[in-house]
file query02.pdb (PDB, C-alpha atoms)
ATOM      1  CA  MET N   1     -73.608-108.186  90.181
ATOM      2  CA  TRP N   2     -74.978-105.904  87.518
ATOM      3  CA  ASN N   3     -75.454-107.526  84.142
ATOM      4  CA  ASP N   4     -77.255-107.108  80.839
ATOM      5  CA  ARG N   5     -80.225-109.109  82.053
ATOM      6  CA  LEU N   6     -80.943-106.501  84.685
ATOM      7  CA  ASN N   7     -80.870-103.776  82.069
ATOM      8  CA  ARG N   8     -83.240-105.729  79.864
ATOM      9  CA  ILE N   9     -85.600-106.333  82.770
ATOM     10  CA  LEU N  10     -85.527-102.642  83.695
ATOM     11  CA  ASP N  11     -86.259-101.745  80.071
ATOM     12  CA  GLY N  12     -89.191-104.152  80.042
ATOM     13  CA  GLU N  13     -87.588-106.370  77.410
ATOM     14  CA  GLU N  14     -87.411-109.419  79.636
ATOM     15  CA  ARG N  15     -89.466-110.748  82.528
ATOM     16  CA  ILE N  16     -87.959-111.841  85.783
ATOM     17  CA  SER N  17     -88.515-115.403  86.914
ATOM     18  CA  LYS N  18     -89.862-115.939  90.405
ATOM     19  CA  ASP N  19     -87.061-118.229  91.493
ATOM     20  CA  ASP N  20     -84.238-115.843  90.518
ATOM     21  CA  GLU N  21     -83.647-114.424  93.976
ATOM     22  CA  ASN N  22     -80.410-112.578  93.185
ATOM     23  CA  LEU N  23     -81.947-110.633  90.341
ATOM     24  CA  ARG N  24     -85.030-109.849  92.386
ATOM     25  CA  SER N  25     -82.919-108.526  95.222
ATOM     26  CA  GLU N  26     -80.825-106.388  92.820
ATOM     27  CA  LEU N  27     -83.959-104.971  91.261
ATOM     28  CA  LEU N  28     -85.413-104.090  94.628
ATOM     29  CA  ILE N  29     -82.212-102.320  95.588
ATOM     30  CA  TYR N  30     -82.325-100.370  92.346
ATOM     31  CA  LYS N  31     -85.949 -99.503  92.956
ATOM     32  CA  ARG N  32     -85.052 -98.224  96.387
ATOM     33  CA  ILE N  33     -82.236 -96.105  94.909
ATOM     34  CA  MET N  34     -84.689 -94.601  92.433
ATOM     35  CA  GLU N  35     -87.150 -93.778  95.210
ATOM     36  CA  ILE N  36     -84.471 -91.867  97.073
ATOM     37  CA  TYR N  37     -83.295 -90.152  93.889
ATOM     38  CA  SER N  38     -86.843 -89.218  92.964
ATOM     39  CA  MET N  39     -87.355 -87.571  96.347
ATOM     40  CA  LYS N  40     -84.063 -85.750  96.009
ATOM     41  CA  LEU N  41     -85.219 -84.316  92.682
ATOM     42  CA  ASP N  42     -88.578 -83.180  93.958
ATOM     43  CA  TYR N  43     -89.081 -79.533  93.026
ATOM     44  CA  ARG N  44     -92.037 -77.353  93.923
ATOM     45  CA  PRO N  45     -92.100 -74.104  91.989
ATOM     46  CA  SER N  46     -93.189 -71.065  93.939
ATOM     47  CA  ASN N  47     -95.875 -68.536  93.062
ATOM     48  CA  ASN N  48     -93.382 -65.722  93.548
ATOM     49  CA  LEU N  49     -91.227 -67.156  90.792
ATOM     50  CA  LYS N  50     -94.282 -67.498  88.565
ATOM     51  CA  ASP N  51     -95.188 -63.831  89.058
ATOM     52  CA  LYS N  52     -91.606 -62.780  88.456
ATOM     53  CA  ILE N  53     -91.366 -64.779  85.215
ATOM     54  CA  LEU N  54     -94.739 -63.590  83.926
ATOM     55  CA  ARG N  55     -93.764 -59.965  84.615
ATOM     56  CA  LYS N  56     -90.514 -60.477  82.711
ATOM     57  CA  LEU N  57     -92.321 -62.067  79.778
ATOM     58  CA  GLU N  58     -94.853 -59.224  79.719
ATOM     59  CA  ARG N  59     -92.001 -56.730  79.574
ATOM     60  CA  ARG N  60     -90.372 -58.692  76.755
ATOM     61  CA  LYS N  61     -93.677 -58.772  74.883
ATOM     62  CA  ARG N  62     -93.900 -54.995  75.031
ATOM     63  CA  LEU N  63     -90.234 -54.501  74.179
ATOM     64  CA  PRO N  64     -90.562 -54.334  70.342
ATOM     65  CA  ILE N  65     -93.370 -51.762  70.618
ATOM     66  CA  LEU N  66     -91.292 -49.753  73.077
ATOM     67  CA  ILE N  67     -88.224 -49.900  70.824
ATOM     68  CA  LEU N  68     -90.235 -48.885  67.733
ATOM     69  CA  SER N  69     -91.970 -45.989  69.449
ATOM     70  CA  THR N  70     -88.691 -44.778  70.984
ATOM     71  CA  ALA N  71     -87.004 -44.978  67.577
ATOM     72  CA  GLY N  72     -89.888 -43.080  65.969
ATOM     73  CA  ILE N  73     -89.863 -40.301  68.545
ATOM     74  CA  THR N  74     -86.065 -40.005  68.323
ATOM     75  CA  ALA N  75     -86.205 -39.794  64.518
ATOM     76  CA  LEU N  76     -88.872 -37.100  64.703
ATOM     77  CA  PHE N  77     -86.827 -35.028  67.136
ATOM     78  CA  LEU N  78     -83.746 -35.479  64.955
ATOM     79  CA  ILE N  79     -85.553 -34.242  61.856
ATOM     80  CA  LEU N  80     -86.894 -31.230  63.716
ATOM     81  CA  PHE N  81     -83.463 -30.495  65.157
ATOM     82  CA  VAL N  82     -81.797 -30.670  61.723
ATOM     83  CA  GLN N  83     -84.482 -28.468  60.201
ATOM     84  CA  PHE N  84     -84.165 -25.812  62.858
ATOM     85  CA  PHE N  85     -80.414 -25.659  63.203
ATOM     86  CA  PHE N  86     -78.814 -26.897  59.991
ATOM     87  CA  THR N  87     -81.050 -25.943  57.038
ATOM     88  CA  PRO N  88     -79.890 -22.502  55.622
ATOM     89  CA  SER N  89     -82.767 -20.033  55.722
ATOM     90  CA  PRO N  90     -82.986 -16.987  53.322
ATOM     91  CA  ASN N  91     -82.086 -13.557  54.810
ATOM     92  CA  PRO N  92     -85.421 -11.993  55.591
ATOM     93  CA  SER N  93     -84.216  -8.352  55.297
ATOM     94  CA  SER N  94     -82.755  -8.762  51.804
ATOM     95  CA  SER N  95     -85.673 -10.678  50.429
ATOM     96  CA  MET N  96     -88.221  -8.298  51.827
ATOM     97  CA  ALA N  97     -86.396  -5.328  50.421
ATOM     98  CA  GLY N  98     -85.528  -6.954  47.119
ATOM     99  CA  ILE N  99     -88.934  -7.884  45.810
ATOM    100  CA  PRO N 100     -90.644  -4.494  46.109
ATOM    101  CA  ASN N 101     -87.566  -2.785  44.690
ATOM    102  CA  GLU N 102     -87.759  -4.791  41.497
ATOM    103  CA  ILE N 103     -91.419  -3.966  41.180
ATOM    104  CA  ASN N 104     -90.659  -0.332  41.776
ATOM    105  CA  LEU N 105     -87.949  -0.392  39.156
ATOM    106  CA  ASN N 106     -90.337  -1.871  36.605
ATOM    107  CA  GLU N 107     -92.915   0.709  37.492
ATOM    108  CA  LYS N 108     -90.315   3.428  37.112
ATOM    109  CA  ASN N 109     -89.220   2.052  33.759
ATOM    110  CA  MET N 110     -92.777   1.923  32.501
ATOM    111  CA  VAL N 111     -93.446   5.382  33.699
ATOM    112  CA  SER N 112     -90.264   6.859  32.292
ATOM    113  CA  PHE N 113     -90.406   4.999  28.991
ATOM    114  CA  PRO N 114     -89.315   7.717  26.511
ATOM    115  CA  ASN N 115     -91.883   8.916  23.952
ATOM    116  CA  ASP N 116     -89.119   9.329  21.374
ATOM    117  CA  LEU N 117     -88.370   5.670  21.548
ATOM    118  CA  VAL N 118     -92.017   4.862  20.888
ATOM    119  CA  GLU N 119     -91.931   7.116  17.832
ATOM    120  CA  VAL N 120     -88.791   5.362  16.577
ATOM    121  CA  LEU N 121     -90.346   1.940  17.031
ATOM    122  CA  LYS N 122     -93.493   3.031  15.190
ATOM    123  CA  THR N 123     -91.343   4.267  12.292
ATOM    124  CA  ILE N 124     -89.519   0.938  12.172
ATOM    125  CA  GLU N 125     -92.847  -0.846  12.107
ATOM    126  CA  LEU N 126     -94.082   1.268   9.213
ATOM    127  CA  VAL N 127     -90.917   0.744   7.267
ATOM    128  CA  SER N 128     -91.033  -3.001   7.821
ATOM    129  CA  ASP N 129     -94.678  -3.078   6.702
ATOM    130  CA  GLY N 130     -93.662  -1.304   3.496
ATOM    131  CA  PHE N 131     -91.251  -4.068   2.692
TER
ATOM    132  CA  MET P 132    -107.482 -77.707  75.852
ATOM    133  CA  ASN P 133    -105.056 -79.713  73.769
ATOM    134  CA  GLU P 134    -101.363 -79.140  73.182
ATOM    135  CA  LYS P 135    -101.888 -77.530  69.773
ATOM    136  CA  GLN P 136    -104.189 -74.874  71.192
ATOM    137  CA  LEU P 137    -101.726 -74.178  73.965
ATOM    138  CA  VAL P 138     -98.885 -73.785  71.462
ATOM    139  CA  GLU P 139    -100.971 -71.388  69.359
ATOM    140  CA  ALA P 140    -101.770 -69.312  72.430
ATOM    141  CA  LEU P 141     -98.100 -69.302  73.391
ATOM    142  CA  LYS P 142     -97.218 -68.102  69.911
ATOM    143  CA  ARG P 143     -99.683 -65.245  70.302
ATOM    144  CA  GLY P 144     -97.997 -64.410  73.607
ATOM    145  CA  GLU P 145    -101.118 -64.884  75.719
ATOM    146  CA  LYS P 146    -100.449 -64.488  79.422
ATOM    147  CA  TRP P 147    -102.783 -67.289  80.506
ATOM    148  CA  ALA P 148    -100.925 -69.717  78.222
ATOM    149  CA  TYR P 149     -97.615 -68.966  79.909
ATOM    150  CA  GLU P 150     -99.268 -69.298  83.283
ATOM    151  CA  LYS P 151    -100.572 -72.714  82.285
ATOM    152  CA  LEU P 152     -97.197 -73.690  80.896
ATOM    153  CA  TYR P 153     -95.543 -72.721  84.168
ATOM    154  CA  ASN P 154     -98.066 -74.654  86.228
ATOM    155  CA  GLU P 155     -97.603 -77.758  84.104
ATOM    156  CA  TYR P 156     -93.908 -77.735  83.389
ATOM    157  CA  ALA P 157     -92.040 -75.750  86.064
ATOM    158  CA  SER P 158     -91.761 -78.725  88.423
ATOM    159  CA  ARG P 159     -90.482 -80.956  85.597
ATOM    160  CA  ILE P 160     -87.977 -78.328  84.459
ATOM    161  CA  GLY P 161     -86.765 -77.872  88.033
ATOM    162  CA  SER P 162     -86.471 -81.594  88.549
ATOM    163  CA  VAL P 163     -84.386 -82.059  85.394
ATOM    164  CA  ALA P 164     -82.206 -79.120  86.398
ATOM    165  CA  LYS P 165     -81.688 -80.635  89.840
ATOM    166  CA  SER P 166     -80.607 -83.946  88.355
ATOM    167  CA  PHE P 167     -78.229 -82.318  85.897
ATOM    168  CA  LEU P 168     -76.702 -79.606  88.048
ATOM    169  CA  GLY P 169     -76.924 -81.407  91.346
ATOM    170  CA  ALA P 170     -77.869 -78.098  92.919
ATOM    171  CA  ASP P 171     -80.997 -77.050  94.728
ATOM    172  CA  ASP P 172     -81.099 -73.513  93.428
ATOM    173  CA  VAL P 173     -82.805 -74.145  90.114
ATOM    174  CA  ASP P 174     -85.065 -71.089  89.962
ATOM    175  CA  ASP P 175     -82.655 -69.432  87.551
ATOM    176  CA  VAL P 176     -82.901 -72.420  85.225
ATOM    177  CA  VAL P 177     -86.709 -72.378  85.302
ATOM    178  CA  GLN P 178     -86.725 -68.655  84.543
ATOM    179  CA  GLU P 179     -84.232 -68.983  81.694
ATOM    180  CA  VAL P 180     -86.134 -71.909  80.180
ATOM    181  CA  MET P 181     -89.406 -69.937  80.253
ATOM    182  CA  ILE P 182     -87.714 -66.995  78.538
ATOM    183  CA  ARG P 183     -86.204 -69.268  75.872
ATOM    184  CA  ILE P 184     -89.619 -70.824  75.285
ATOM    185  CA  PHE P 185     -91.056 -67.315  74.830
ATOM    186  CA  LYS P 186     -88.292 -66.421  72.372
ATOM    187  CA  GLY P 187     -88.390 -69.659  70.393
ATOM    188  CA  ILE P 188     -92.031 -70.759  70.413
ATOM    189  CA  LYS P 189     -92.641 -69.207  66.970
ATOM    190  CA  LYS P 190     -90.043 -71.593  65.532
ATOM    191  CA  PHE P 191     -91.693 -74.629  67.163
ATOM    192  CA  ARG P 192     -93.271 -76.571  64.294
ATOM    193  CA  GLY P 193     -94.731 -79.400  66.320
ATOM    194  CA  ASP P 194     -92.458 -82.113  64.909
ATOM    195  CA  SER P 195     -91.941 -83.389  68.431
ATOM    196  CA  GLN P 196     -94.065 -83.171  71.546
ATOM    197  CA  LEU P 197     -94.035 -79.878  73.425
ATOM    198  CA  SER P 198     -92.677 -81.655  76.511
ATOM    199  CA  THR P 199     -89.745 -83.086  74.515
ATOM    200  CA  TRP P 200     -88.957 -79.635  73.150
ATOM    201  CA  ILE P 201     -89.099 -78.102  76.630
ATOM    202  CA  HIS P 202     -86.915 -80.886  78.041
ATOM    203  CA  ARG P 203     -84.384 -80.212  75.307
ATOM    204  CA  ILE P 204     -84.324 -76.491  76.100
ATOM    205  CA  THR P 205     -83.904 -77.338  79.786
ATOM    206  CA  VAL P 206     -80.922 -79.574  79.077
ATOM    207  CA  ASN P 207     -79.333 -76.860  76.931
ATOM    208  CA  VAL P 208     -79.866 -74.246  79.647
ATOM    209  CA  CYS P 209     -78.375 -76.625  82.220
ATOM    210  CA  LYS P 210     -75.324 -77.203  80.026
ATOM    211  CA  ASP P 211     -74.857 -73.441  79.665
ATOM    212  CA  MET P 212     -75.222 -72.983  83.420
ATOM    213  CA  LEU P 213     -72.734 -75.745  84.106
ATOM    214  CA  MET P 214     -70.208 -74.079  81.815
ATOM    215  CA  LYS P 215     -70.787 -70.789  83.590
ATOM    216  CA  TYR P 216     -70.399 -72.414  87.004
ATOM    217  CA  LYS P 217     -67.239 -74.188  85.917
ATOM    218  CA  LYS P 218     -65.812 -70.892  84.816
ATOM    219  CA  ARG P 219     -66.596 -69.432  88.192
ATOM    220  CA  LYS P 220     -65.209 -72.565  89.846
ATOM    221  CA  GLU P 221     -68.243 -72.920  92.000
ATOM    222  CA  ILE P 222     -68.986 -76.114  93.846
ATOM    223  CA  LEU P 223     -72.279 -77.353  92.557
ATOM    224  CA  THR P 224     -72.946 -80.696  94.082
ATOM    225  CA  ASP P 225     -74.672 -80.581  97.400
ATOM    226  CA  PHE P 226     -76.200 -84.026  97.401
ATOM    227  CA  SER P 227     -74.746 -84.924 100.766
ATOM    228  CA  GLU P 228     -75.780 -81.704 102.511
ATOM    229  CA  ASN P 229     -78.621 -81.807 105.013
ATOM    230  CA  GLU P 230     -80.330 -84.641 103.272
ATOM    231  CA  GLU P 231     -80.778 -87.040 106.105
ATOM    232  CA  GLY P 232     -83.974 -86.857 108.008
ATOM    233  CA  PRO P 233     -87.512 -88.138 108.068
ATOM    234  CA  TYR P 234     -88.424 -86.487 104.743
ATOM    235  CA  TYR P 235     -85.942 -88.592 102.788
ATOM    236  CA  GLN P 236     -86.773 -91.884 104.398
ATOM    237  CA  PRO P 237     -88.959 -93.741 101.932
ATOM    238  CA  LYS P 238     -91.401 -96.296 103.159
ATOM    239  CA  ALA P 239     -90.098 -99.851 103.105
ATOM    240  CA  HIS P 240     -91.793-102.308 100.827
ATOM    241  CA  GLU P 241     -93.144-105.382 102.473
ATOM    242  CA  ASP P 242     -91.597-107.756  99.972
ATOM    243  CA  VAL P 243     -88.072-106.385 100.346
ATOM    244  CA  PRO P 244     -85.796-108.370 102.625
ATOM    245  CA  ARG P 245     -85.049-106.277 105.684
ATOM    246  CA  ASP P 246     -81.248-106.657 105.575
ATOM    247  CA  THR P 247     -81.001-105.732 101.871
ATOM    248  CA  PHE P 248     -83.195-102.714 102.381
ATOM    249  CA  ASN P 249     -81.360-101.434 105.416
ATOM    250  CA  GLU P 250     -77.976-101.447 103.779
ATOM    251  CA  ILE P 251     -79.133 -98.837 101.245
ATOM    252  CA  THR P 252     -79.120 -95.572 103.117
ATOM    253  CA  VAL P 253     -80.038 -92.179 101.771
ATOM    254  CA  GLU P 254     -76.574 -90.877 102.447
ATOM    255  CA  LYS P 255     -74.899 -93.637 100.451
ATOM    256  CA  VAL P 256     -77.262 -93.249  97.514
ATOM    257  CA  LEU P 257     -76.798 -89.506  97.366
ATOM    258  CA  LYS P 258     -73.051 -89.888  97.609
ATOM    259  CA  ALA P 259     -73.052 -92.395  94.750
ATOM    260  CA  LEU P 260     -75.274 -90.142  92.628
ATOM    261  CA  GLU P 261     -72.995 -87.217  93.340
ATOM    262  CA  ASN P 262     -70.107 -89.144  91.809
ATOM    263  CA  LEU P 263     -71.967 -89.817  88.571
ATOM    264  CA  SER P 264     -71.553 -87.392  85.674
ATOM    265  CA  PRO P 265     -74.404 -84.888  85.078
ATOM    266  CA  GLU P 266     -75.344 -86.642  81.816
ATOM    267  CA  ASP P 267     -75.549 -90.045  83.518
ATOM    268  CA  ARG P 268     -77.703 -88.648  86.318
ATOM    269  CA  LEU P 269     -79.979 -87.076  83.736
ATOM    270  CA  LEU P 270     -80.295 -90.297  81.735
ATOM    271  CA  ILE P 271     -81.233 -92.289  84.816
ATOM    272  CA  LYS P 272     -83.759 -89.636  85.810
ATOM    273  CA  LEU P 273     -85.394 -89.456  82.376
ATOM    274  CA  ARG P 274     -85.614 -93.208  81.887
ATOM    275  CA  ASP P 275     -86.057 -94.736  85.331
ATOM    276  CA  ILE P 276     -87.962 -91.960  87.109
ATOM    277  CA  ASP P 277     -89.839 -90.100  84.365
ATOM    278  CA  GLU P 278     -90.174 -93.321  82.336
ATOM    279  CA  LEU P 279     -89.587 -91.638  78.987
ATOM    280  CA  SER P 280     -88.951 -93.769  75.921
ATOM    281  CA  TYR P 281     -85.473 -94.118  74.473
ATOM    282  CA  GLU P 282     -86.605 -92.227  71.368
ATOM    283  CA  GLU P 283     -87.733 -89.269  73.444
ATOM    284  CA  ILE P 284     -84.526 -89.263  75.490
ATOM    285  CA  SER P 285     -82.519 -89.446  72.281
ATOM    286  CA  ARG P 286     -84.345 -86.366  70.961
ATOM    287  CA  ILE P 287     -83.944 -84.513  74.258
ATOM    288  CA  ILE P 288     -80.213 -84.968  74.632
ATOM    289  CA  GLY P 289     -79.537 -84.938  70.887
ATOM    290  CA  LYS P 290     -77.659 -88.237  70.754
ATOM    291  CA  PRO P 291     -78.317 -91.432  68.738
ATOM    292  CA  LEU P 292     -80.613 -94.035  70.237
ATOM    293  CA  GLY P 293     -77.878 -96.671  70.527
ATOM    294  CA  THR P 294     -75.611 -94.257  72.358
ATOM    295  CA  VAL P 295     -78.379 -93.365  74.792
ATOM    296  CA  LYS P 296     -79.100 -97.016  75.507
ATOM    297  CA  SER P 297     -75.512 -98.090  76.078
ATOM    298  CA  ARG P 298     -74.772 -94.963  78.096
ATOM    299  CA  LEU P 299     -77.755 -95.586  80.356
ATOM    300  CA  HIS P 300     -76.811 -99.220  80.878
ATOM    301  CA  TYR P 301     -73.351 -98.131  81.838
ATOM    302  CA  ALA P 302     -74.710 -95.402  84.152
ATOM    303  CA  ARG P 303     -76.953 -97.880  85.997
ATOM    304  CA  LYS P 304     -74.064-100.279  86.425
ATOM    305  CA  ARG P 305     -71.761 -97.489  87.587
ATOM    306  CA  LEU P 306     -74.316 -96.302  90.122
ATOM    307  CA  ARG P 307     -74.671 -99.770  91.567
ATOM    308  CA  GLU P 308     -70.897-100.234  91.684
ATOM    309  CA  MET P 309     -70.414 -96.946  93.454
ATOM    310  CA  LEU P 310     -72.987 -97.924  96.003
ATOM    311  CA  GLU P 311     -71.157-101.208  96.596
ATOM    312  CA  GLU P 312     -67.852 -99.350  96.884
ATOM    313  CA  GLY P 313     -69.453 -97.029  99.380
ATOM    314  CA  GLU P 314     -70.681 -99.990 101.411
ATOM    315  CA  LYS P 315     -67.217-101.532 101.378
ATOM    316  CA  ASN P 316     -65.666 -98.238 102.463
ATOM    317  CA  VAL P 317     -68.146 -97.977 105.317
ATOM    318  CA  GLU P 318     -67.392-101.561 106.362
ATOM    319  CA  ARG P 319     -63.650-100.906 106.160
ATOM    320  CA  SER P 320     -63.899 -97.729 108.207
ATOM    321  CA  SER P 321     -66.094 -99.440 110.814
ATOM    322  CA  GLN P 322     -63.535-102.286 111.084
ATOM    323  CA  GLN P 323     -60.776 -99.706 111.565
ATOM    324  CA  ASP P 324     -62.867 -98.004 114.217
ATOM    325  CA  THR P 325     -63.258-101.244 116.139
ATOM    326  CA  ARG P 326     -59.483-101.875 115.931
ATOM    327  CA  TRP P 327     -58.772 -98.554 117.545
TER
END
call {"tool": "encode", "arguments": {"input": "query02.pdb", "output": "structure tokens"}}
result
Amino acid sequence: MWNDRLNRILDGEERISKDDENLRSELLIYKRIMEIYSMKLDYRPSNNLKDKILRKLERRKRLPILILSTAGITALFLILFVQFFFTPSPNPSSSMAGIPNEINLNEKNMVSFPNDLVEVLKTIELVSDGF
Amino acid sequence: MNEKQLVEALKRGEKWAYEKLYNEYASRIGSVAKSFLGADDVDDVVQEVMIRIFKGIKKFRGDSQLSTWIHRITVNVCKDMLMKYKKRKEILTDFSENEEGPYYQPKAHEDVPRDTFNEITVEKVLKALENLSPEDRLLIKLRDIDELSYEEISRIIGKPLGTVKSRLHYARKRLREMLEEGEKNVERSSQQDTRW
């Protein structure tokens, strides 16, 4: 029964003549089928689903911020951890003892600088001036 | 508020825009999913479509209408779901389950001959629709129920216009044939019943 004319009529490309009873009847049957199908496909979305979806979307919206802040905090902790446990620190006892000792040695040297040596250096200076 | 403003708000991730989108499109998304999957449980599809809209709205350039874009996403989600279901070997079609009743009895038109109208029962129609492929059911729904243009349907399902047209013509014919086959089967079985 189904033919190209029916398709064209359904697509609005052709008009049905009043005396074509067979086509009219076929079209009415098809219309009835579509009514039933349309009712079968009726879908009413619930408010619960809406709330659930909006919550999910809100979480997804905040996700990049959450990831960035988590990454930042983790990196900070990692840096602190590495600094505390892996960076070699100078021995406090040796450094504390070492610096004053050197100063003391210099002081000692200055104090115990021999007078003879000064006399010798003065002589060298005089001789060099003579030349 | 026009569509452009809504799209801009969606791109900014405004909550009210998604609420509006849900109110406007959820029933359409669910309806398309029902036609494609043949299942009543379409909440998962609606949720997935909304999430994909959220993820992809920044790439939406406005070349097509927002509704066409959303329809296209819905069809893609349905295809993915169908693949998943097939893997799980789940039975999807439930067209014939619990469908008879006063809710599914449409009002008769006055100009329809009584005998022609009575031979088309809800059960037979649903059975015939169940036997159509998901794509054919979707085409019939988009064209003959939603009254979308062939161009729009072509964009939604991603197939050439000519293919869409010939496929729909075939689907309509197939649906009608299946209904006739169903009627013949019913007649045959009733004759057998009377013989016994």
call {"tool": "closest_residue", "arguments": {"input": "query02.pdb", "among": "N:Ile36, N:Leu68, N:Leu80, N:Leu41", "to": "P:Arg159", "atoms": "all atoms listed in the file"}}
result
N:Leu41
call {"tool": "residues_around", "arguments": {"input": "query02.pdb", "residues": "P:Cys209", "least_positions_apart": "5", "cutoff": "7 Å", "atoms": "all atoms listed in the file", "output": "ChimeraX atom specification"}}
result
/P:164,167-168,176
call {"tool": "atom_distance", "arguments": {"input": "query02.pdb", "atom1": "atom CA of P:Gly169", "atom2": "atom CA of P:Thr205"}}
result
14.1 Å
call {"tool": "interface_residues", "arguments": {"input": "query02.pdb", "of": "chain P", "to": "chain N", "cutoff": "6 Å", "atoms": "only C-alpha atoms", "output": "list in words"}}
result
Ser158, Gly161, Ser162, Lys165 and Lys304 of chain P
call {"tool": "resolve_selection", "arguments": {"input": "query02.pdb", "expression": "the PyMOL selection byres ((chain P and resi 198) around 10)", "output": "list in words"}}
result
Glu134, Glu155, Tyr156, Arg159, Ile160, Ser195, Gln196, Leu197, Thr199, Trp200, Ile201, His202, Arg203, Ile204, Glu283 and Ile287 of chain P
call {"tool": "resolve_selection", "arguments": {"input": "query02.pdb", "expression": "the PyMOL selection byres ((chain P and resi 256-265) around 6)", "output": "ChimeraX atom specification"}}
result
/P:167,226,253-255,266-268,309-310
call {"tool": "write_last_selection", "arguments": {"input": "query02.pdb", "atoms": "C-alpha atoms", "output": "PDB file, keeping the file's coordinate frame"}}
result
ATOM      1  CA  PHE P 167     -78.229 -82.318  85.897  1.00  0.00           C
ATOM      2  CA  PHE P 226     -76.200 -84.026  97.401  1.00  0.00           C
ATOM      3  CA  VAL P 253     -80.038 -92.179 101.771  1.00  0.00           C
ATOM      4  CA  GLU P 254     -76.574 -90.877 102.447  1.00  0.00           C
ATOM      5  CA  LYS P 255     -74.899 -93.637 100.451  1.00  0.00           C
ATOM      6  CA  GLU P 266     -75.344 -86.642  81.816  1.00  0.00           C
ATOM      7  CA  ASP P 267     -75.549 -90.045  83.518  1.00  0.00           C
ATOM      8  CA  ARG P 268     -77.703 -88.648  86.318  1.00  0.00           C
ATOM      9  CA  MET P 309     -70.414 -96.946  93.454  1.00  0.00           C
ATOM     10  CA  LEU P 310     -72.987 -97.924  96.003  1.00  0.00           C
TER      11      LEU P 310
END
call {"tool": "atom_distance", "arguments": {"input": "query02.pdb", "atom1": "atom CA of P:Arg305", "atom2": "atom CA of P:Leu270"}}
result
12.6 Å
call {"tool": "atom_distance", "arguments": {"input": "query02.pdb", "atom1": "atom CA of N:Ile67", "atom2": "atom CA of P:Leu141"}}
result
21.9 Å
call {"tool": "closest_residue", "arguments": {"input": "query02.pdb", "among": "P:Lys190, P:Ile288, P:Ser166, P:Arg298", "to": "P:Asn207", "atoms": "only C-alpha atoms"}}
result
P:Ile288
call {"tool": "axis_aligned_box", "arguments": {"input": "query02.pdb", "around": "stretch 160-163 of chain P", "padding_each_side": "8 Å", "output": "lines of an AutoDock Vina configuration file"}}
result
center_x = -86.2
center_y = -80.0
center_z = 86.5
size_x = 19.6
size_y = 20.2
size_z = 20.1
call {"tool": "closest_residue", "arguments": {"input": "query02.pdb", "among": "P:Leu152, P:Ile276, P:Ala170, P:Ile271", "to": "P:Lys296", "atoms": "only C-alpha atoms"}}
result
P:Ile271
call {"tool": "residues_around", "arguments": {"input": "query02.pdb", "residues": "P:Tyr149", "least_positions_apart": "2", "cutoff": "9 Å", "atoms": "all atoms listed in the file", "output": "list in words"}}
result
Leu54 and Leu57 of chain N; Leu137, Ala140, Leu141, Gly144, Glu145, Lys146, Trp147, Lys151, Leu152, Tyr153, Asn154, Met181 and Phe185 of chain P
